[in-house]
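Asker: Mind looking over this structure? Questions follow.
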Amino acid sequence: MILSKEEAISLVLYYSERNRITSITKLNKILARLNLHMIPIDVDFRLNKYGSFSTDLVLESTDYYNIYEYPASFGDGKGLHIVQKGRELAKEVVTTKLSEIMKSQEIKELEDEINDMSKKRADELSNDEHKMLFVDIDDRTHLISRIRTVHIDFLDLYEEVKKQEASTIADITFSALVEYCFYLSSFFMKKRFKNIETAGDYDFDAYMFDYYFLYNLEQIIPILKKQLGVDKKDETLLNKFYQYFVQSIKEQKYPFSIDNKHLKDLIV
């Protein structure tokens with residue numbers, strides 16, 4: 001499950017105040033935030049001074065939304081407004097895709113969060129993202145600590161999983177997910193962020209999914225630990241994690257993918 005650019009934008013506009021976003025910069029921030037709900041989208045983000053930014057979002061009006069312009073002195077001069085076909089697409093996304101990985105209450109919380117974000121200034125959203133993901137130089141020590149702690153926690157969890165017998169499909173899925181996430185955490189520590197301790201300059205070309213994947217790995221550790229001691233695993237929850245960390249990576253052609261024939265070179 002992965003949302004196309006049109007599906008993701010339509011969903012964001014559908015949940016935004018007055019069904020519009022008043023800034024392309026703000027749109028970048030809200031679309032990237034979908035990652036915190038483990039909703040994969042077919043949009044690549046790089047880091048610029050405002051945080052997540054995608055060149056794919058050089059927009060024009062489509063069947064799903066219209067671009068409108070306002071004086072350049074206000075914001076970045078362009079905004080988006082949803083049209084009827086976009087509303088229909090957004091509703092379809094909710095019923096056919098989000099419902100596969102989210103409970104109704106979680107979808108409602110997502111709606112409220114997007115609506116709230118749409119009312120904020122782009123710089124507020126940027127500051128929030130920077131603080132959560134530790135992309136700034138001033139937060140480098142926190143980022144290093146997150147990288148190390150996530151890897152050590154998954155090492156411990158993986159060692160515990162190896163001691164247990166997998167007797168159901170859910171058990172097998174759980175074990176495979178933990179193993180995958182352990183090696184992904186190793187990839188972050190030993191490959192992707194290898195020189196982070198000595199990096200001096202602000203990396204404006206950083207791949208933002210690295211930061212989001214790392215953040216979400218940290219978030220699921222206590223959840224997976226609880227699942228470790230449960231006889232009947234939560235298959236819906238495991239499917240959500242699988243879709244985000246395994247399937248979406250594969251579809252986005254991220255280097256650490258089970259479809260990458262050179263994956264073994266990344267597992268250290």
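Residue numbers start at 1 in each chain; chains themselves are named A, B, ... in the order of the structure tokens; ligands are numbered from 1 in the order shown.
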Near range 103-105 of chain A, counting only C-alpha atoms, which residues have an atom at most 12 Å away, once you skip same-chain residues fewer than 5 positions from it, shown as a PyMOL selection string?
Answerer: chain A and resi 37+94-95+97-98+110-112+236-237+240
Asker: Tell me, as a ChimeraX atom specification, which residues lie within 6 Å of range 124-135 of chain A, counting only C-alpha atoms; anything in the same chain fewer than 6 positions away does not count.
Answerer: /A:50-51,143,211
Asker: Which residues are near Lys5 in chain A? Cut-off 9 Å, only C-alpha atoms, ignore same chain within fewer than 5 positions. Put them as a ChimeraX atom specification.
Answerer: /A:10,41-43,56-57
Asker: Taking only C-alpha atoms into account, which of A:Glu160, A:Glu17, A:Glu218, A:Glu179 comes nearest Ile82 in chain A?
Answerer: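 Using only C-alpha atoms, the shortest distance to Ile82 in chain A belongs to A:Glu17.
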Asker: To one decimal place in Å, what is the distance between CA of Leu224 in chain A and CA of Phe174 in chain A?
Answerer: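 These two atoms are separated by 8.3 Å.
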